[in-house]
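Peer 1: What follows is a structure written as structure tokens; I'll ask about it next.
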Amino acid sequence: MAESGEVKLNDKIMVVVTSEEEICAEARKVVLLVVPPSDGKFNKNKPGPIFELNGNQFVVEPYAVETAGPTTLKVFRYDHHNNAVIGNAAEFKFIATFVKPAVALPGGSEEFYPANRRSEITTRAKNLNRKDHSAQDLTFKWKCSVSEGSESGFCGPSYMDDFNDRNTLVIPPSASKVENVFSLSLQVGLRADADEQYTAVSTQTVRFVPREDGGRLDILCIKNCVPKAEATVPSTPVILKALLSGWTLTSNAYLWWTVQDAKNSEIDYGKLKSRKGELFYMLPGGLKESEKYTVKLQAIGGSRDRMSSEFELDTTLPPSVSDCMVEPFKGVAFQTEFKIFCTYFPAEILFEIYAMDKEKGE
């Protein structure tokens with residue numbers, strides 16, 4: 001195998017092994033991926049997260065290498081019949097490199113927020129160096145500049161620095177003036193990248209528009225959500241409804257629903273009847289058990305229709321007693337010792353309830 005240059009952590013690597021030696025039919029190739037700080041010893045029982053395709057072709061799946069730096073891939077021929085390694089190992093050396101994160105501020109390059117109100121800007125950054133693309137191990141640096149005639153207090157370091165290493169920036173009501181225009185910049189990097197070579201930047205121009213009568217956009221629970229239920233049951237439909245107070249949508253505006261899990265990843269919307277409109281109707285099976293979800297509702301259209309609201313769904317079911325049994329079935333009061341056996345859902349674990357005898361201290 002030949003030497004190579006840089007390979008990104010999320011790249012798929014195809015390896016082709018050639019040999020001038022005749023290979024016995026009893027032998028097959030086994031691949032071992034060596035990543036520092038491994039000692040490089042061959043382990044026939046655990047060759048590594050690599051899959052053999054055809055004879056001398058192998059694929060190293062994305063994210064099989066978890067650490068950036070010099071990496072060596074060793075290929076052995078292993079004879080299962082004699083339980084031994086045949087010949088010398090071939091090596092494939094490369095430099096595993098990080099991938100820049102993915103980052104975008106909601107609304108794109110320009111966004112309108114309600115004047116004289118508190119607004120939150122939350123980025124949906126993804127760490128592309130992780131298989132789950134979660135925001136874990138990311139760093140956040142917010143910067144701000146003001147247009148001529150705008151107040152500069154909000155953009156000062158005394159305020160912006162408080163939001164570094166946080167994926168959400170808060171615009172206070174005092175800065176949300178119609179005459180103010182801000183240019184925001186969010187730089188997202190990797191905590192392991194001390195030299196900041198792998199960073200991504202998203203920018204946005206922020207403007208503010210007045211709201212008539214202090215209009216609001218809220219989400220109302222109709223079925224299978226708090227406060228209608230203690231928790232959301234995935235096997236039952238979930239129904240939410242948009243509630244507009246003090247304002248109405250213009251003719252070119254519409255309501256748009258988004259659902260994200262705790263890792264800021266959007267769900268598969270196949271079970272949602274429609275992402276557009278006032279009604280949110282999730283069919284059974286659209287959510288997973290023991291998860292927390294954020295449902296976001298956005299009013300999209302003209303600049304005066306830029307509003308949003310969020311609603312939390314928790315599919316973690318609290319324990320509940322499902323069945324109890326008393327032994328014995330009858331007895332004499334204050335003489336017979338009764339035991340109560342109960343199980344609770346969803347774990348179906350059996351437990352006993354004992355009575356305390358104050359006189360005996362038992």
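FYI, nothing fancy with the structure tokens labels: chains A, B, ... in order, residues from 1 per chain, ligands from 1 as they appear.
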From a DSSP pass on the backbone, collect the residues of segment 78-158 of chain A flagged as strand (DSSP E or B) and hand them back as JSON, numbers by chain.

Peer 2: {"A": [78, 79, 84, 85, 86, 87, 88, 89, 90, 91, 92, 93, 94, 95, 96, 97, 102, 110, 111, 112, 113, 114, 119, 120, 121, 122, 126, 138, 139, 140, 141, 142, 143, 144, 145, 146]}

Peer 1: Since we have the selection now, will you write its residues out, keeping C-alpha atoms, as a PDB file, in the first residue's frame?

Peer 2:
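Wrote again39.pdb, looks like this:
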```pdb
ATOM      1  CA  TYR A  78      -4.298 -14.311   8.551  1.00  0.00           C
ATOM      2  CA  ASP A  79      -4.585 -18.084   8.186  1.00  0.00           C
ATOM      3  CA  ALA A  84      -1.300 -17.595  12.425  1.00  0.00           C
ATOM      4  CA  VAL A  85      -0.317 -14.412  10.607  1.00  0.00           C
ATOM      5  CA  ILE A  86       1.182 -15.020   7.148  1.00  0.00           C
ATOM      6  CA  GLY A  87       4.124 -12.875   6.023  1.00  0.00           C
ATOM      7  CA  ASN A  88       4.725  -9.234   6.871  1.00  0.00           C
ATOM      8  CA  ALA A  89       2.133  -6.513   7.334  1.00  0.00           C
ATOM      9  CA  ALA A  90       1.510  -3.864   4.712  1.00  0.00           C
ATOM     10  CA  GLU A  91       1.130  -0.322   6.022  1.00  0.00           C
ATOM     11  CA  PHE A  92      -0.865   2.649   4.855  1.00  0.00           C
ATOM     12  CA  LYS A  93       0.097   5.905   6.579  1.00  0.00           C
ATOM     13  CA  PHE A  94      -1.839   9.145   6.453  1.00  0.00           C
ATOM     14  CA  ILE A  95      -2.656  12.244   8.490  1.00  0.00           C
ATOM     15  CA  ALA A  96      -6.165  12.237   9.912  1.00  0.00           C
ATOM     16  CA  THR A  97      -7.505  15.810   9.932  1.00  0.00           C
ATOM     17  CA  ALA A 102     -21.421  23.275  10.152  1.00  0.00           C
ATOM     18  CA  GLU A 110     -30.771  38.928   7.333  1.00  0.00           C
ATOM     19  CA  GLU A 111     -33.397  38.467  10.015  1.00  0.00           C
ATOM     20  CA  PHE A 112     -36.110  40.657  11.560  1.00  0.00           C
ATOM     21  CA  TYR A 113     -36.920  40.497  15.276  1.00  0.00           C
ATOM     22  CA  PRO A 114     -39.756  42.158  17.227  1.00  0.00           C
ATOM     23  CA  SER A 119     -35.152  37.780  21.478  1.00  0.00           C
ATOM     24  CA  GLU A 120     -32.948  34.676  21.407  1.00  0.00           C
ATOM     25  CA  ILE A 121     -30.742  33.661  18.499  1.00  0.00           C
ATOM     26  CA  THR A 122     -29.829  29.978  18.679  1.00  0.00           C
ATOM     27  CA  LYS A 126     -23.052  20.510  14.105  1.00  0.00           C
ATOM     28  CA  LEU A 138     -17.578  22.872  19.909  1.00  0.00           C
ATOM     29  CA  THR A 139     -16.577  26.424  20.865  1.00  0.00           C
ATOM     30  CA  PHE A 140     -18.644  29.550  20.161  1.00  0.00           C
ATOM     31  CA  LYS A 141     -17.436  33.160  19.761  1.00  0.00           C
ATOM     32  CA  TRP A 142     -19.983  35.911  19.161  1.00  0.00           C
ATOM     33  CA  LYS A 143     -19.005  39.254  17.622  1.00  0.00           C
ATOM     34  CA  CYS A 144     -21.110  42.288  16.794  1.00  0.00           C
ATOM     35  CA  SER A 145     -20.787  45.596  14.990  1.00  0.00           C
ATOM     36  CA  VAL A 146     -23.244  48.486  14.717  1.00  0.00           C
TER      37      VAL A 146
END
```

Peer 1: So which residues of segment 60-256 of chain A fall under alpha helix (DSSP H) by DSSP, listed as a list of chain:residue names?

Peer 2: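 Residues meeting the alpha helix (DSSP H) criterion: A:Pro157, A:Ser158, A:Tyr159, A:Met160.
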
Peer 1: So which one's closest to Gly270 of chain A, A:Leu287, A:Gln335, A:Leu169, A:Met307? Using only C-alpha atoms, please.

Peer 2: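 Under the stated criterion, the closest residue is A:Leu287.
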
Peer 1: For Arg124 of chain A, work out the shell of residues within 12 Å, counting only C-alpha atoms and skipping chain neighbours fewer than 4 positions away, then give it as a list of chain:residue names.

Peer 2: A:Pro101, A:Ala102, A:Val103, A:Ala104, A:Leu105, A:Pro106, A:Gly107, A:His133, A:Ser134, A:Ala135, A:Gln136, A:Leu138, A:Phe140, A:Arg166, A:Asn167, A:Thr168, A:Leu186, A:Val188, A:Ser202, A:Gln260, A:Asp261, A:Ala262, A:Lys263, A:Asn264, A:Ser265, A:Glu266

Peer 1: Report, in Å with one decimal, the straight-line distance from atom CA of Ala115 of chain A to atom CA of Val209 of chain A.

Peer 2: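 Straight-line distance from atom CA of Ala115 of chain A to atom CA of Val209 of chain A works out to 5.3 Å.
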